[in-house]
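Visitor: What follows is a single structure, and I will ask about it in a moment.
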Amino acid sequence: MLGWLNKLVDSNDKEIKRLQPIVGRVNALEREMEGRSDEALRELLAGFREQLSRDEADLEDFLPQTFAAVREAARRALGQRHYDVQVMGGLVLHQGKIAEMKTGEGKTLVATLPATLNALTGLGVHVVTVNDYLAKRDTQWMGRVYHLLGLSVGCIQHDHAFLYDPTYVVDDQRFTHLRPV
């Protein structure tokens, strides 16, 4: 009798089934990405950017490879590997939808997937938070992933702006790798 209510409450099953094949394609590329050097990962994304700039491909053509490259970059730079549910979260965000995640489930890491993919267009990507501390922290933390992939990342706060630069040395550890701009 309550079967219709259960379907209404758990409406994500259909979406999960739709996303699973894409996650499978990302997973199938994992060994290939592990075998690439840091430079080869950067060159892969640079090649995608070049093809997109010449209108030779569509952004969706590069989704599995880009997500797999980001996953590998995060593993190398942070020691963190995106779980399949985090890859699904990245897919949902890329599609312009909302992905609800609880504290500690990896929202910051998830955002690296669609942010990197959409950065390939050359139009820039904005990840927004109203919290200055989180904006700075996440730039320092995820900047390592973006930098490994040949992307630049900045942070705008209410009274400062920074560019992530792993070579920038500063005395105040709160601003490690953040070059003022």
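Labels for the structure tokens follow display order: chains A, B, ..., residues from 1 in each chain, ligands from 1.
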Would you pick out the contacts of Ala161 in chain A at 6 Å or less, using only C-alpha atoms, so that residues sharing its chain but fewer than 5 positions from it are not included, and give the list as a list in words?
Guide: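 These residues fall inside the cut-off: Cys155, Ile156, Pro180 and Val181 of chain A.
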Visitor: Considering only C-alpha atoms, return as a short mmCIF file (atom, residue, chain, number, x, y, z; two decimals) with all heavy atoms, in the first residue's frame whatever protein or nucleic-acid residues lie within 7 Å of His177 in chain A, sequence-local ones (same chain, fewer than 6 positions apart) excluded.
Guide:
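selection.cif, freshly written:
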data_model
loop_
_atom_site.label_atom_id
_atom_site.label_comp_id
_atom_site.auth_asym_id
_atom_site.auth_seq_id
_atom_site.Cartn_x
_atom_site.Cartn_y
_atom_site.Cartn_z
N GLN A 140 44.11 26.59 -0.82
CA GLN A 140 45.39 26.00 -0.41
C GLN A 140 45.35 24.49 -0.55
O GLN A 140 46.33 23.87 -0.99
CB GLN A 140 45.71 26.39 1.03
CG GLN A 140 46.02 27.86 1.19
CD GLN A 140 46.07 28.27 2.65
OE1 GLN A 140 45.11 28.10 3.38
NE2 GLN A 140 47.20 28.83 3.05
N TYR A 164 47.03 30.77 -5.96
CA TYR A 164 47.76 29.63 -5.41
C TYR A 164 49.09 29.50 -6.15
O TYR A 164 49.12 29.44 -7.38
CB TYR A 164 46.96 28.34 -5.54
CG TYR A 164 47.72 27.13 -5.06
CD1 TYR A 164 47.77 26.82 -3.71
CD2 TYR A 164 48.41 26.32 -5.95
CE1 TYR A 164 48.49 25.72 -3.25
CE2 TYR A 164 49.13 25.22 -5.50
CZ TYR A 164 49.16 24.94 -4.16
OH TYR A 164 49.88 23.85 -3.72
N ASP A 165 50.18 29.47 -5.40
CA ASP A 165 51.52 29.36 -5.97
C ASP A 165 52.36 28.51 -5.01
O ASP A 165 52.77 28.99 -3.96
CB ASP A 165 52.13 30.75 -6.14
CG ASP A 165 53.54 30.72 -6.71
OD1 ASP A 165 54.12 29.61 -6.87
OD2 ASP A 165 54.08 31.81 -6.98
N PRO A 166 52.61 27.26 -5.36
CA PRO A 166 53.35 26.38 -4.45
C PRO A 166 54.79 26.83 -4.19
O PRO A 166 55.42 26.36 -3.25
CB PRO A 166 53.31 25.02 -5.13
CG PRO A 166 53.02 25.30 -6.55
CD PRO A 166 52.25 26.58 -6.60
N THR A 167 55.30 27.76 -5.00
CA THR A 167 56.67 28.24 -4.79
C THR A 167 56.71 29.48 -3.90
O THR A 167 57.79 29.92 -3.50
CB THR A 167 57.34 28.58 -6.13
OG1 THR A 167 56.65 29.69 -6.74
CG2 THR A 167 57.33 27.38 -7.06
N TYR A 168 55.58 30.05 -3.61
CA TYR A 168 55.51 31.29 -2.82
C TYR A 168 55.73 30.98 -1.34
O TYR A 168 55.01 30.16 -0.76
CB TYR A 168 54.17 31.98 -3.04
CG TYR A 168 54.06 33.33 -2.36
CD1 TYR A 168 54.82 34.40 -2.80
CD2 TYR A 168 53.20 33.51 -1.29
CE1 TYR A 168 54.71 35.64 -2.19
CE2 TYR A 168 53.08 34.74 -0.68
CZ TYR A 168 53.84 35.80 -1.12
OH TYR A 168 53.74 37.02 -0.52
N VAL A 169 56.70 31.64 -0.74
CA VAL A 169 57.04 31.42 0.66
C VAL A 169 56.61 32.65 1.46
O VAL A 169 56.88 33.79 1.06
CB VAL A 169 58.55 31.16 0.84
CG1 VAL A 169 58.90 30.97 2.31
CG2 VAL A 169 58.99 29.97 0.01
#
Visitor: Nearest to Val153 in chain A among A:Val127, A:Ala57, A:Val26, A:Leu120, with distances taken over only C-alpha atoms: which residue is it?
Guide: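 Using only C-alpha atoms, Val153 in chain A sits closest to A:Val127.
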Visitor: So that I can see what lies close to Val92 in chain A, please list as a ChimeraX atom specification the residues with an atom at most 12 Å from it, counting only C-alpha atoms and leaving out residues fewer than 2 positions away in the same chain.
Guide: /A:12,15-16,18-20,22-23,85-90,94-101,110-111,113-114
Visitor: List as a PyMOL selection string the protein and nucleic acid residues near Leu59 in chain A, meaning an atom at most 9 Å away when only C-alpha atoms are counted, but skip any in the same chain fewer than 4 places from it.
Guide: chain A and resi 48+52+63+117-118+120-121
Visitor: For a test of reading the model, state the distance in Å between CA of Thr112 in chain A and CA of Gln80 in chain A, rounded to one decimal.
Guide: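 The value is 11.9 Å.
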Visitor: From a backbone DSSP assignment, name each residue in range 30-168 of chain A labelled strand (DSSP E), as a PyMOL selection string.
Guide: chain A and resi 154-156+161-164
Visitor: Using only C-alpha atoms, find the one residue out of A:Asn27, A:Gln157, A:Thr66, A:Asn131 that sits nearest to Arg42 in chain A.
Guide: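 Residue with the minimum atom-to-atom distance to Arg42 in chain A: A:Thr66.
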Visitor: Please indicate the distance in Å from CA of Arg76 in chain A to CA of Met33 in chain A, rounded to one decimal place.
Guide: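 Separation between CA of Arg76 in chain A and CA of Met33 in chain A: 11.1 Å.
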Visitor: Excluding Tyr133 in chain A and any residue of its chain fewer than 5 positions from it, enumerate the residues within 10 Å of it, using only C-alpha atoms, and give them as a PyMOL selection string.
Guide: chain A and resi 138-139+157+174
Visitor: Give me the residues near Leu148 in chain A as a list of chain:residue names, where near means some atom within 7 Å (using only C-alpha atoms) and where sequence neighbours in that chain fewer than 4 positions away do not count.
Guide: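 With the cut-off at 7 Å, the set is A:Asp38, A:Ala73, A:Arg144.
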Visitor: Going by DSSP on the backbone, which bits of range 46-101 of chain A are helix (DSSP H, G or I)? Write them as a PyMOL selection string, please.
Guide: chain A and resi 46-53+59-78+84-94
Visitor: If I take CA of Ser152 in chain A and CA of Asp84 in chain A, how far is one from the other in Å, to one decimal?
Guide: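 So the answer is 25.9 Å.
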Visitor: Excluding Ala68 in chain A and any residue of its chain fewer than 3 positions from it, enumerate the residues within 7 Å of it, using only C-alpha atoms, and give them as a tab-separated table (two decimals) with N, CA, C and O atoms, in the first residue's frame.
Guide:
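Output file part.tsv follows:
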chain	number	residue	atom	x	y	z
A	26	VAL	N	34.70	6.03	-15.98
A	26	VAL	CA	35.77	6.71	-15.22
A	26	VAL	C	36.64	5.66	-14.56
A	26	VAL	O	37.88	5.72	-14.62
A	29	LEU	N	39.24	3.78	-16.61
A	29	LEU	CA	40.43	4.55	-17.01
A	29	LEU	C	41.45	4.69	-15.89
A	29	LEU	O	42.51	5.28	-16.09
A	30	GLU	N	41.14	4.16	-14.72
A	30	GLU	CA	42.00	4.39	-13.55
A	30	GLU	C	43.42	3.88	-13.76
A	30	GLU	O	44.39	4.59	-13.48
A	33	MET	N	45.42	6.10	-16.11
A	33	MET	CA	45.82	7.37	-15.50
A	33	MET	C	46.95	7.16	-14.49
A	33	MET	O	47.84	8.00	-14.39
A	64	PRO	N	34.77	11.42	-18.99
A	64	PRO	CA	35.37	10.28	-18.26
A	64	PRO	C	36.89	10.43	-18.08
A	64	PRO	O	37.41	10.19	-16.99
A	65	GLN	N	37.59	10.82	-19.15
A	65	GLN	CA	39.04	10.96	-19.06
A	65	GLN	C	39.44	12.06	-18.09
A	65	GLN	O	40.39	11.92	-17.32
A	71	ARG	N	40.90	12.43	-10.52
A	71	ARG	CA	40.96	11.43	-9.44
A	71	ARG	C	42.41	11.04	-9.18
A	71	ARG	O	42.85	10.97	-8.03
A	72	GLU	N	43.16	10.80	-10.25
A	72	GLU	CA	44.57	10.42	-10.09
A	72	GLU	C	45.39	11.57	-9.53
A	72	GLU	O	46.26	11.37	-8.67
Visitor: Restricting the calculation to only C-alpha atoms: of A:Ala74, A:Leu149, A:Gly143, A:Asp132, which residue gets closest to Gly47 in chain A?
Guide: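 Closest to Gly47 in chain A of all the choices is A:Leu149.
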